[in-house]
Amino acid sequence: MINNILENSAYWGIAVSVVGYGIGVILNKKLKTGIANPLLISIVFVIAVLLVFNIDYEKYRESSEILSWLLTPATVCLAVPLYEQIHLLKKNYKAVMGGIISGVFASLISVALFCLMFGLDKGIEISLLPKSITTAIGMSLADELGGIDTLAAAAIIVTGIVGNVMCRGVCKIFKITEPVAVGIAIGTSSHAVGTSKAFEIGEVEGAMSSLSIAVAGIITVAAIQIFA
């Protein structure tokens, strides 16, 4: 009965997603640990609901399509904090561009090498190549080049969550303390999900991470043609 109610409701997927994310936010505040990431918890919650009530994923995808439409404008909104820190960009533009370009090619080359090492076919490789850019760009790019858009989305989400959880620790291990460098590293490697953590670290880190999302996306779109 519950299964039928959910499937017949036009926007039940949005409700389930929002509830899952809300639970994640509450747990994150109480546990105060990177592992209790709201996005990760919401993913687990949605999967659990689909399995318990035996609901087909495509039905969930259709009912939550509006959330996907909001990805692009949400990403564009990240330009606001960048504008507020535009003086830092002008002052450090050479280092910023060098860091983003290096990060993009490090990501693409590492994916290509691992796919070659494990003998993965070209379709999977193309799907994994855009793992470090925002979902709105990565899914479309993978689909256009003959990859699997859902696999690309999964790779992007996992990359973002890992970056969100581990970015503080990695910066600490390698003694990266300069705010601009921290922001560029997080944004280039773990897109919007990592950027949310960058904003928690500091305003400059968040602004530079926001810049990295846009620039890394543009560079990846051009550079991925070489690998694809």
# chains A, B, ... in the order shown; residues from 1 in each chain; ligands from 1
$ residues_around --residues "A:Asn92" --least-positions-apart "2" --cutoff "12 Å" --atoms "only C-alpha atoms" --output "PyMOL selection string"
chain A and resi 85-90+94-99+178-181+184+208
$ residues_around --residues "A:Ser68" --least-positions-apart "6" --cutoff "10 Å" --atoms "only C-alpha atoms" --output "PyMOL selection string"
chain A and resi 61+135-136
$ residues_around --residues "A:Tyr11" --least-positions-apart "4" --cutoff "8 Å" --atoms "only C-alpha atoms" --output "VMD selection string"
chain A and resid 15 63 to 64
$ closest_residue --among "A:Leu145, A:Val49, A:Ile133, A:Leu128" --to "A:Ile100" --atoms "only C-alpha atoms"
A:Ile133
$ residues_around --residues "A:Phe227" --least-positions-apart "4" --cutoff "9 Å" --atoms "only C-alpha atoms" --output "VMD selection string"
chain A and resid 108 to 109 112 125 to 126 129 223
$ write_last_selection --atoms "C-alpha atoms" --output "PDB file, in the first residue's frame"
ATOM      1  CA  LEU A 108      42.533  12.646 -15.749  1.00  0.00           C
ATOM      2  CA  ILE A 109      45.912  10.916 -15.984  1.00  0.00           C
ATOM      3  CA  ALA A 112      43.410   6.703 -17.381  1.00  0.00           C
ATOM      4  CA  GLU A 125      36.973   5.011 -18.463  1.00  0.00           C
ATOM      5  CA  ILE A 126      35.006   7.851 -20.071  1.00  0.00           C
ATOM      6  CA  LEU A 129      37.207  10.681 -16.211  1.00  0.00           C
ATOM      7  CA  ALA A 223      41.158  18.110 -21.995  1.00  0.00           C
TER       8      ALA A 223
END
$ residues_around --residues "A:Val80" --least-positions-apart "2" --cutoff "12 Å" --atoms "only C-alpha atoms" --output "PyMOL selection string"
chain A and resi 73-78+82-86+203+206-208+210-211
$ write_last_selection --atoms "C-alpha atoms" --output "CSV table (one decimal), in the first residue's frame"
chain,number,residue,atom,x,y,z
A,73,PRO,CA,21.8,27.3,-10.8
A,74,ALA,CA,23.1,26.2,-7.4
A,75,THR,CA,26.6,25.8,-8.9
A,76,VAL,CA,26.3,29.3,-10.6
A,77,CYS,CA,25.4,30.8,-7.2
A,78,LEU,CA,28.9,29.9,-6.0
A,82,LEU,CA,34.2,34.5,-5.5
A,83,TYR,CA,33.1,38.0,-6.5
A,84,GLU,CA,33.6,39.1,-2.9
A,85,GLN,CA,37.2,37.8,-2.9
A,86,ILE,CA,38.0,38.9,-6.5
A,203,GLU,CA,35.6,32.3,3.5
A,206,GLY,CA,35.3,28.6,0.0
A,207,ALA,CA,35.7,31.4,-2.6
A,208,MET,CA,38.7,29.9,-4.2
A,210,SER,CA,34.1,27.9,-6.0
A,211,LEU,CA,36.3,29.4,-8.7
$ residues_around --residues "A:Ala36" --least-positions-apart "4" --cutoff "9 Å" --atoms "only C-alpha atoms" --output "PyMOL selection string"
chain A and resi 24-25+27-29+31-32+40-41+165
$ atom_distance --atom1 "atom CA of A:Ile124" --atom2 "atom CA of A:Glu58"
21.1 Å
$ atom_distance --atom1 "atom CA of A:Val158" --atom2 "atom CA of A:Gly202"
23.3 Å
$ atom_distance --atom1 "atom CA of A:Gly146" --atom2 "atom CA of A:Gly123"
6.2 Å
$ select_by_dssp --residues "stretch 132-164 of chain A" --states "alpha helix (DSSP H)" --output "ChimeraX atom specification"
/A:135-144,149-164
$ closest_residue --among "A:Val204, A:Ile66, A:Val46, A:Asn37" --to "A:Gly163" --atoms "only C-alpha atoms"
A:Asn37
$ residues_around --residues "stretch 167-174 of chain A" --least-positions-apart "5" --cutoff "10 Å" --atoms "only C-alpha atoms" --output "list in words"
Gly34, Ile161, Val162, Ala181, Val182, Gly183, Ala185, Ile186, Ser189, Ser190, Gly194, Lys197, Ala198 and Ile201 of chain A
$ write_last_selection --atoms "C-alpha atoms" --output "mmCIF file, in the first residue's frame"
data_model
loop_
_atom_site.group_PDB
_atom_site.id
_atom_site.type_symbol
_atom_site.label_atom_id
_atom_site.label_comp_id
_atom_site.auth_asym_id
_atom_site.auth_seq_id
_atom_site.Cartn_x
_atom_site.Cartn_y
_atom_site.Cartn_z
ATOM 1 C CA GLY A 34 33.348 13.969 8.653
ATOM 2 C CA ILE A 161 32.216 12.806 -0.339
ATOM 3 C CA VAL A 162 35.764 11.448 0.012
ATOM 4 C CA ALA A 181 46.001 26.866 -1.942
ATOM 5 C CA VAL A 182 43.609 24.960 0.314
ATOM 6 C CA GLY A 183 40.577 26.261 -1.586
ATOM 7 C CA ALA A 185 43.008 21.959 -3.936
ATOM 8 C CA ILE A 186 39.561 21.163 -2.536
ATOM 9 C CA SER A 189 39.580 17.643 -6.669
ATOM 10 C CA SER A 190 36.124 17.367 -5.100
ATOM 11 C CA GLY A 194 34.178 19.499 -1.196
ATOM 12 C CA LYS A 197 33.627 21.843 3.511
ATOM 13 C CA ALA A 198 35.910 24.600 2.190
ATOM 14 C CA ILE A 201 37.141 26.064 6.867
#
$ closest_residue --among "A:Ile14, A:Thr220, A:Ser42, A:Ile23" --to "A:Lys59" --atoms "only C-alpha atoms"
A:Ile14
$ closest_residue --among "A:Ser196, A:Ala155, A:Asp56, A:Ile26" --to "A:Val111" --atoms "only C-alpha atoms"
A:Ala155
